[in-house]
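Structure file work25.txt with compact mmCIF, N, CA and C atoms:
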```txt
# COMPACT_ATOMS: atom_id res chain seq x y z
N ASP A 29 60.61 62.90 17.89
CA ASP A 29 60.51 62.89 16.45
C ASP A 29 61.32 61.72 15.86
N MET A 30 62.50 61.47 16.43
CA MET A 30 63.35 60.39 15.94
C MET A 30 62.72 59.02 16.24
N ALA A 31 62.10 58.87 17.42
CA ALA A 31 61.45 57.60 17.78
C ALA A 31 60.26 57.34 16.86
N CYS A 32 59.53 58.37 16.53
CA CYS A 32 58.38 58.24 15.65
C CYS A 32 58.83 57.81 14.24
N LYS A 33 59.98 58.37 13.78
CA LYS A 33 60.50 58.04 12.46
C LYS A 33 60.96 56.58 12.42
N ALA A 34 61.64 56.11 13.49
CA ALA A 34 62.09 54.72 13.56
C ALA A 34 60.89 53.77 13.61
N SER A 35 59.87 54.15 14.35
CA SER A 35 58.67 53.34 14.43
C SER A 35 57.96 53.26 13.08
N SER A 36 57.96 54.36 12.36
CA SER A 36 57.34 54.39 11.04
C SER A 36 58.09 53.47 10.07
N TRP A 37 59.43 53.50 10.13
CA TRP A 37 60.23 52.62 9.27
C TRP A 37 59.99 51.16 9.64
N ARG A 38 59.94 50.88 10.93
CA ARG A 38 59.71 49.51 11.39
C ARG A 38 58.33 49.02 10.92
N GLN A 39 57.33 49.88 11.02
CA GLN A 39 56.00 49.51 10.60
C GLN A 39 55.96 49.28 9.08
N THR A 40 56.63 50.13 8.33
CA THR A 40 56.71 49.96 6.88
C THR A 40 57.41 48.65 6.52
N TRP A 41 58.48 48.35 7.26
CA TRP A 41 59.22 47.11 7.03
C TRP A 41 58.33 45.90 7.30
N HIS A 42 57.57 45.92 8.38
CA HIS A 42 56.67 44.81 8.72
C HIS A 42 55.58 44.64 7.66
N VAL A 43 55.03 45.73 7.20
CA VAL A 43 53.99 45.65 6.17
C VAL A 43 54.58 45.10 4.87
N ALA A 44 55.77 45.54 4.51
CA ALA A 44 56.40 45.08 3.27
C ALA A 44 56.73 43.59 3.34
N THR A 45 57.29 43.13 4.45
CA THR A 45 57.62 41.70 4.57
C THR A 45 56.37 40.85 4.60
N ASP A 46 55.32 41.33 5.25
CA ASP A 46 54.07 40.58 5.28
C ASP A 46 53.47 40.49 3.88
N LEU A 47 53.53 41.58 3.14
CA LEU A 47 53.01 41.60 1.78
C LEU A 47 53.79 40.65 0.87
N ILE A 48 55.11 40.67 0.99
CA ILE A 48 55.95 39.78 0.18
C ILE A 48 55.68 38.32 0.55
N ALA A 49 55.57 38.03 1.83
CA ALA A 49 55.35 36.66 2.27
C ALA A 49 54.01 36.13 1.80
N THR A 50 52.97 36.95 1.89
CA THR A 50 51.64 36.45 1.53
C THR A 50 51.39 36.43 0.03
N THR A 51 51.99 37.33 -0.71
CA THR A 51 51.70 37.36 -2.15
C THR A 51 52.72 36.61 -3.00
N VAL A 52 53.91 36.39 -2.48
CA VAL A 52 54.94 35.73 -3.28
C VAL A 52 55.32 34.37 -2.70
N LEU A 53 55.70 34.33 -1.45
CA LEU A 53 56.24 33.10 -0.88
C LEU A 53 55.19 32.02 -0.66
N VAL A 54 54.02 32.38 -0.17
CA VAL A 54 52.99 31.37 0.10
C VAL A 54 52.55 30.65 -1.18
N PRO A 55 52.28 31.36 -2.29
CA PRO A 55 51.94 30.62 -3.52
C PRO A 55 53.08 29.75 -4.03
N ILE A 56 54.32 30.19 -3.88
CA ILE A 56 55.45 29.38 -4.31
C ILE A 56 55.55 28.11 -3.49
N VAL A 57 55.42 28.23 -2.17
CA VAL A 57 55.48 27.05 -1.30
C VAL A 57 54.32 26.10 -1.59
N ASN A 58 53.12 26.65 -1.81
CA ASN A 58 51.97 25.80 -2.14
C ASN A 58 52.19 25.06 -3.46
N ALA A 59 52.76 25.74 -4.43
CA ALA A 59 53.03 25.09 -5.72
C ALA A 59 54.06 23.98 -5.55
N ILE A 60 55.08 24.21 -4.74
CA ILE A 60 56.10 23.19 -4.50
C ILE A 60 55.48 21.98 -3.80
N PHE A 61 54.66 22.22 -2.78
CA PHE A 61 53.99 21.12 -2.09
C PHE A 61 53.12 20.33 -3.06
N PHE A 62 52.38 21.02 -3.92
CA PHE A 62 51.49 20.35 -4.84
C PHE A 62 52.27 19.55 -5.87
N LEU A 63 53.31 20.13 -6.46
CA LEU A 63 54.08 19.44 -7.49
C LEU A 63 54.94 18.32 -6.93
N ASP A 64 55.30 18.41 -5.65
CA ASP A 64 56.11 17.37 -5.03
C ASP A 64 55.41 16.02 -5.06
N VAL A 65 54.09 16.03 -4.95
CA VAL A 65 53.33 14.77 -5.00
C VAL A 65 53.58 14.08 -6.32
N PHE A 66 53.50 14.81 -7.42
CA PHE A 66 53.64 14.20 -8.73
C PHE A 66 55.10 13.86 -9.04
N VAL A 67 56.03 14.69 -8.59
CA VAL A 67 57.45 14.38 -8.81
C VAL A 67 57.81 13.10 -8.08
N THR A 68 57.36 12.97 -6.83
CA THR A 68 57.63 11.75 -6.07
C THR A 68 56.96 10.56 -6.72
N PHE A 69 55.76 10.76 -7.25
CA PHE A 69 54.99 9.67 -7.84
C PHE A 69 55.62 9.17 -9.12
N PHE A 70 56.06 10.06 -10.00
CA PHE A 70 56.51 9.67 -11.33
C PHE A 70 58.00 9.35 -11.42
N THR A 71 58.77 9.65 -10.42
CA THR A 71 60.20 9.35 -10.50
C THR A 71 60.47 7.95 -9.98
N GLY A 72 61.61 7.44 -10.35
CA GLY A 72 62.03 6.13 -9.89
C GLY A 72 63.25 6.29 -9.00
N GLU A 73 64.05 5.25 -8.96
CA GLU A 73 65.26 5.27 -8.14
C GLU A 73 66.47 5.01 -9.03
N LEU A 74 67.56 5.71 -8.73
CA LEU A 74 68.80 5.48 -9.47
C LEU A 74 69.53 4.29 -8.87
N THR A 75 69.97 3.37 -9.72
CA THR A 75 70.72 2.21 -9.25
C THR A 75 72.21 2.55 -9.24
N SER A 76 73.01 1.61 -8.80
CA SER A 76 74.46 1.85 -8.77
C SER A 76 75.04 1.94 -10.18
N SER A 77 74.33 1.37 -11.17
CA SER A 77 74.80 1.46 -12.56
C SER A 77 74.26 2.72 -13.24
N ALA A 78 73.67 3.62 -12.48
CA ALA A 78 73.20 4.92 -12.95
C ALA A 78 72.04 4.82 -13.94
N THR A 79 71.19 3.83 -13.78
CA THR A 79 69.99 3.75 -14.59
C THR A 79 68.79 4.05 -13.70
N LEU A 80 67.78 4.63 -14.30
CA LEU A 80 66.58 4.98 -13.57
C LEU A 80 65.61 3.81 -13.62
N VAL A 81 65.34 3.23 -12.46
CA VAL A 81 64.42 2.10 -12.36
C VAL A 81 63.13 2.60 -11.74
N PRO A 82 62.00 2.42 -12.43
CA PRO A 82 60.74 2.90 -11.86
C PRO A 82 60.39 2.14 -10.59
N LYS A 83 59.62 2.80 -9.76
CA LYS A 83 59.19 2.16 -8.52
C LYS A 83 58.26 1.00 -8.86
N PRO A 84 58.25 -0.03 -8.02
CA PRO A 84 57.33 -1.14 -8.28
C PRO A 84 55.87 -0.69 -8.21
N PHE A 85 54.99 -1.51 -8.76
CA PHE A 85 53.58 -1.15 -8.85
C PHE A 85 52.99 -0.80 -7.49
N PHE A 86 53.23 -1.64 -6.50
CA PHE A 86 52.63 -1.41 -5.18
C PHE A 86 53.16 -0.12 -4.55
N ALA A 87 54.46 0.06 -4.62
CA ALA A 87 55.06 1.26 -4.00
C ALA A 87 54.67 2.53 -4.74
N ARG A 88 54.36 2.44 -6.02
CA ARG A 88 54.00 3.63 -6.76
C ARG A 88 52.51 3.96 -6.64
N TYR A 89 51.66 2.96 -6.82
CA TYR A 89 50.23 3.23 -6.92
C TYR A 89 49.46 3.00 -5.63
N VAL A 90 49.80 1.98 -4.86
CA VAL A 90 48.96 1.58 -3.74
C VAL A 90 49.44 2.17 -2.43
N LEU A 91 50.70 2.00 -2.10
CA LEU A 91 51.20 2.36 -0.77
C LEU A 91 51.08 3.85 -0.47
N PRO A 92 51.71 4.75 -1.25
CA PRO A 92 51.54 6.16 -0.88
C PRO A 92 50.20 6.71 -1.31
N GLY A 93 49.73 6.28 -2.45
CA GLY A 93 48.43 6.74 -2.95
C GLY A 93 48.42 8.22 -3.26
N VAL A 94 48.35 8.56 -4.51
CA VAL A 94 48.35 9.96 -4.91
C VAL A 94 47.16 10.69 -4.30
N GLY A 95 46.02 10.03 -4.26
CA GLY A 95 44.83 10.65 -3.67
C GLY A 95 45.04 11.01 -2.21
N LEU A 96 45.66 10.10 -1.46
CA LEU A 96 45.93 10.38 -0.04
C LEU A 96 46.90 11.54 0.11
N GLN A 97 47.92 11.56 -0.74
CA GLN A 97 48.88 12.65 -0.66
C GLN A 97 48.22 13.98 -0.99
N LEU A 98 47.31 13.96 -1.95
CA LEU A 98 46.62 15.20 -2.29
C LEU A 98 45.67 15.64 -1.18
N LEU A 99 45.09 14.68 -0.47
CA LEU A 99 44.20 15.04 0.62
C LEU A 99 44.93 15.72 1.77
N VAL A 100 46.15 15.29 2.06
CA VAL A 100 46.89 15.87 3.17
C VAL A 100 47.75 17.05 2.74
N ASN A 101 47.69 17.39 1.47
CA ASN A 101 48.47 18.49 0.94
C ASN A 101 47.87 19.82 1.41
N PRO A 102 48.71 20.73 1.93
CA PRO A 102 48.18 22.01 2.43
C PRO A 102 47.57 22.90 1.37
N SER A 103 47.94 22.74 0.12
CA SER A 103 47.39 23.60 -0.92
C SER A 103 46.10 23.06 -1.51
N MET A 104 45.58 21.96 -0.98
CA MET A 104 44.35 21.38 -1.51
C MET A 104 43.15 22.28 -1.30
N VAL A 105 43.19 23.16 -0.31
CA VAL A 105 42.07 24.09 -0.11
C VAL A 105 41.91 24.97 -1.34
N GLU A 106 43.03 25.48 -1.84
CA GLU A 106 42.97 26.33 -3.03
C GLU A 106 42.60 25.53 -4.27
N ILE A 107 43.12 24.31 -4.39
CA ILE A 107 42.81 23.47 -5.55
C ILE A 107 41.34 23.10 -5.55
N SER A 108 40.79 22.76 -4.38
CA SER A 108 39.37 22.39 -4.32
C SER A 108 38.50 23.61 -4.62
N ARG A 109 38.92 24.79 -4.18
CA ARG A 109 38.18 26.01 -4.50
C ARG A 109 38.20 26.26 -6.02
N LEU A 110 39.34 26.04 -6.64
CA LEU A 110 39.45 26.19 -8.09
C LEU A 110 38.58 25.17 -8.82
N ALA A 111 38.61 23.92 -8.36
CA ALA A 111 37.81 22.87 -8.99
C ALA A 111 36.32 23.18 -8.85
N LYS A 112 35.91 23.67 -7.68
CA LYS A 112 34.51 24.02 -7.46
C LYS A 112 34.10 25.16 -8.40
N GLY A 113 34.97 26.15 -8.58
CA GLY A 113 34.68 27.25 -9.50
C GLY A 113 34.53 26.77 -10.93
N ILE A 114 35.39 25.84 -11.35
CA ILE A 114 35.31 25.30 -12.71
C ILE A 114 34.01 24.53 -12.89
N ILE A 115 33.64 23.73 -11.89
CA ILE A 115 32.39 22.96 -11.98
C ILE A 115 31.19 23.90 -12.01
N ASP A 116 31.20 24.95 -11.19
CA ASP A 116 30.09 25.91 -11.20
C ASP A 116 29.95 26.58 -12.56
N ARG A 117 31.07 26.98 -13.16
CA ARG A 117 31.02 27.62 -14.48
C ARG A 117 30.54 26.63 -15.54
N ALA A 118 30.98 25.38 -15.43
CA ALA A 118 30.56 24.36 -16.39
C ALA A 118 29.06 24.11 -16.28
N MET A 119 28.52 24.11 -15.08
CA MET A 119 27.08 23.92 -14.91
C MET A 119 26.30 25.12 -15.44
N HIS A 120 26.88 26.30 -15.32
CA HIS A 120 26.23 27.51 -15.83
C HIS A 120 26.17 27.49 -17.36
N VAL A 121 27.27 27.06 -17.99
CA VAL A 121 27.35 27.02 -19.45
C VAL A 121 26.48 25.89 -20.00
N GLY A 122 26.50 24.77 -19.32
CA GLY A 122 25.72 23.62 -19.76
C GLY A 122 26.62 22.46 -20.12
N PRO A 123 26.16 21.24 -19.83
CA PRO A 123 27.02 20.07 -20.07
C PRO A 123 27.29 19.82 -21.56
N SER A 124 26.36 20.12 -22.43
CA SER A 124 26.55 19.86 -23.85
C SER A 124 27.68 20.72 -24.42
N LEU A 125 27.66 22.01 -24.11
CA LEU A 125 28.71 22.90 -24.61
C LEU A 125 30.06 22.54 -23.99
N CYS A 126 30.08 22.19 -22.71
CA CYS A 126 31.34 21.79 -22.06
C CYS A 126 31.91 20.54 -22.72
N PHE A 127 31.04 19.59 -23.04
CA PHE A 127 31.49 18.37 -23.70
C PHE A 127 32.07 18.68 -25.08
N HIS A 128 31.41 19.56 -25.83
CA HIS A 128 31.92 19.94 -27.15
C HIS A 128 33.24 20.69 -27.05
N LEU A 129 33.38 21.55 -26.04
CA LEU A 129 34.65 22.24 -25.83
C LEU A 129 35.75 21.25 -25.47
N PHE A 130 35.39 20.28 -24.64
CA PHE A 130 36.35 19.24 -24.27
C PHE A 130 36.81 18.47 -25.51
N LEU A 131 35.85 18.07 -26.36
CA LEU A 131 36.21 17.34 -27.58
C LEU A 131 37.06 18.20 -28.51
N GLY A 132 36.81 19.49 -28.53
CA GLY A 132 37.61 20.38 -29.37
C GLY A 132 39.03 20.56 -28.85
N CYS A 133 39.22 20.44 -27.56
CA CYS A 133 40.54 20.63 -26.96
C CYS A 133 41.38 19.35 -26.94
N VAL A 134 40.75 18.20 -27.08
CA VAL A 134 41.47 16.92 -26.97
C VAL A 134 42.64 16.83 -27.96
N PRO A 135 42.47 17.15 -29.25
CA PRO A 135 43.63 17.03 -30.16
C PRO A 135 44.80 17.93 -29.76
N PHE A 136 44.51 19.16 -29.34
CA PHE A 136 45.58 20.07 -28.94
C PHE A 136 46.30 19.57 -27.68
N VAL A 137 45.54 19.14 -26.70
CA VAL A 137 46.13 18.64 -25.46
C VAL A 137 46.93 17.36 -25.73
N SER A 138 46.42 16.51 -26.59
CA SER A 138 47.14 15.29 -26.94
C SER A 138 48.46 15.60 -27.63
N TYR A 139 48.44 16.58 -28.54
CA TYR A 139 49.67 16.99 -29.23
C TYR A 139 50.69 17.55 -28.22
N CYS A 140 50.23 18.42 -27.32
CA CYS A 140 51.13 19.00 -26.32
C CYS A 140 51.70 17.92 -25.40
N TYR A 141 50.86 16.96 -25.04
CA TYR A 141 51.30 15.85 -24.19
C TYR A 141 52.38 15.03 -24.89
N ASP A 142 52.18 14.72 -26.17
CA ASP A 142 53.18 13.96 -26.93
C ASP A 142 54.49 14.73 -27.03
N CYS A 143 54.40 16.03 -27.30
CA CYS A 143 55.62 16.85 -27.39
C CYS A 143 56.35 16.89 -26.05
N LEU A 144 55.60 17.03 -24.97
CA LEU A 144 56.20 17.06 -23.64
C LEU A 144 56.88 15.73 -23.32
N LEU A 145 56.22 14.62 -23.65
CA LEU A 145 56.85 13.32 -23.41
C LEU A 145 58.11 13.15 -24.23
N ASP A 146 58.11 13.61 -25.48
CA ASP A 146 59.32 13.54 -26.31
C ASP A 146 60.46 14.33 -25.68
N ILE A 147 60.15 15.51 -25.17
CA ILE A 147 61.18 16.34 -24.53
C ILE A 147 61.71 15.65 -23.28
N ILE A 148 60.82 15.10 -22.46
CA ILE A 148 61.24 14.45 -21.22
C ILE A 148 62.09 13.22 -21.52
N PHE A 149 61.64 12.38 -22.48
CA PHE A 149 62.40 11.17 -22.81
C PHE A 149 63.76 11.52 -23.38
N ASP A 150 63.83 12.55 -24.22
CA ASP A 150 65.11 12.98 -24.76
C ASP A 150 66.04 13.45 -23.65
N PHE A 151 65.49 14.21 -22.71
CA PHE A 151 66.29 14.69 -21.58
C PHE A 151 66.81 13.53 -20.74
N VAL A 152 65.97 12.57 -20.45
CA VAL A 152 66.38 11.42 -19.63
C VAL A 152 67.44 10.61 -20.35
N GLU A 153 67.29 10.41 -21.66
CA GLU A 153 68.31 9.68 -22.41
C GLU A 153 69.65 10.40 -22.37
N ARG A 154 69.64 11.73 -22.55
CA ARG A 154 70.89 12.49 -22.49
C ARG A 154 71.50 12.43 -21.10
N GLN A 155 70.67 12.50 -20.07
CA GLN A 155 71.20 12.44 -18.71
C GLN A 155 71.78 11.06 -18.41
N ASN A 156 71.14 10.00 -18.91
CA ASN A 156 71.68 8.66 -18.71
C ASN A 156 73.01 8.49 -19.42
N MET A 157 73.17 9.11 -20.60
CA MET A 157 74.43 9.04 -21.30
C MET A 157 75.52 9.79 -20.53
N VAL A 158 75.18 10.91 -19.92
CA VAL A 158 76.16 11.67 -19.14
C VAL A 158 76.57 10.88 -17.91
N VAL A 159 75.62 10.26 -17.24
CA VAL A 159 75.91 9.52 -16.01
C VAL A 159 76.71 8.26 -16.31
N ILE A 160 76.39 7.60 -17.43
CA ILE A 160 77.09 6.35 -17.77
C ILE A 160 78.54 6.63 -18.11
N LYS A 161 78.83 7.75 -18.79
CA LYS A 161 80.21 8.08 -19.17
C LYS A 161 80.96 8.43 -17.96
```
Will you turn the file into structure tokens for me?
Amino acid sequence: DMACKASSWRQTWHVATDLIATTVLVPIVNAIFFLDVFVTFFTGELTSSATLVPKPFFARYVLPGVGLQLLVNPSMVEISRLAKGIIDRAMHVGPSLCFHLFLGCVPFVSYCYDCLLDIIFDFVERQNMVVIK
């Protein structure tokens, strides 16, 4: 009876850890892998004077290649599945309606983009002031 109880606890523990790993940890790791491409792409290098210098054109755009990094990214299977689903839904709705929805969303997305850039630039300026002092 005691061995059966220990085995039951062990089995419950294995099921719980497997559930946590597959539903929580795997999506987090995939998101980190996916976002790492863009963080590496958009960041520069800190100099000895504590200023952020962007990477040169070749090293940023040509050498690593964002497309190549996305191709070798392990989470691209899920991203391609999502993109295929979006394209299938867009074809079902029709290109004209999708284009009109796109045009309707452009001002909102542009506003959000501008706000995000303002926040990022403000943060970088404050961080540069902290590092310089």
> Nearest to Glu153 (chain A) among A:Cys126, A:Ala111, A:Ile48, A:Thr79, with distances taken over only C-alpha atoms: which residue is it?
Replying inline: A:Thr79
>> Rounded to one decimal, what separation in Å do you get between CA of Ala59 (chain A) and CA of Asp46 (chain A)?
In response: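 That distance, rounded to one decimal, is 19.0 Å.
Here atom C of Glu106 (chain A) is placed at a distance of 10.7 Å from CA of Pro55 (chain A).
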>> For a test of reading the model, state the distance in Å between CA of Asn58 (chain A) and CA of Ser108 (chain A), rounded to one decimal.
In response: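 Answer for the CA of Asn58 (chain A) to CA of Ser108 (chain A) separation: 13.2 Å.
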Find the smallest box with edges along x, y and z containing every listed atom of region 139-154 of chain A, then add 8 Å on each side and report centre and edge lengths in Å to one decimal, as lines of an AutoDock Vina configuration file.
```
center_x = 60.0
center_y = 14.3
center_z = -24.4
size_x = 39.1
size_y = 25.3
size_z = 25.6
```
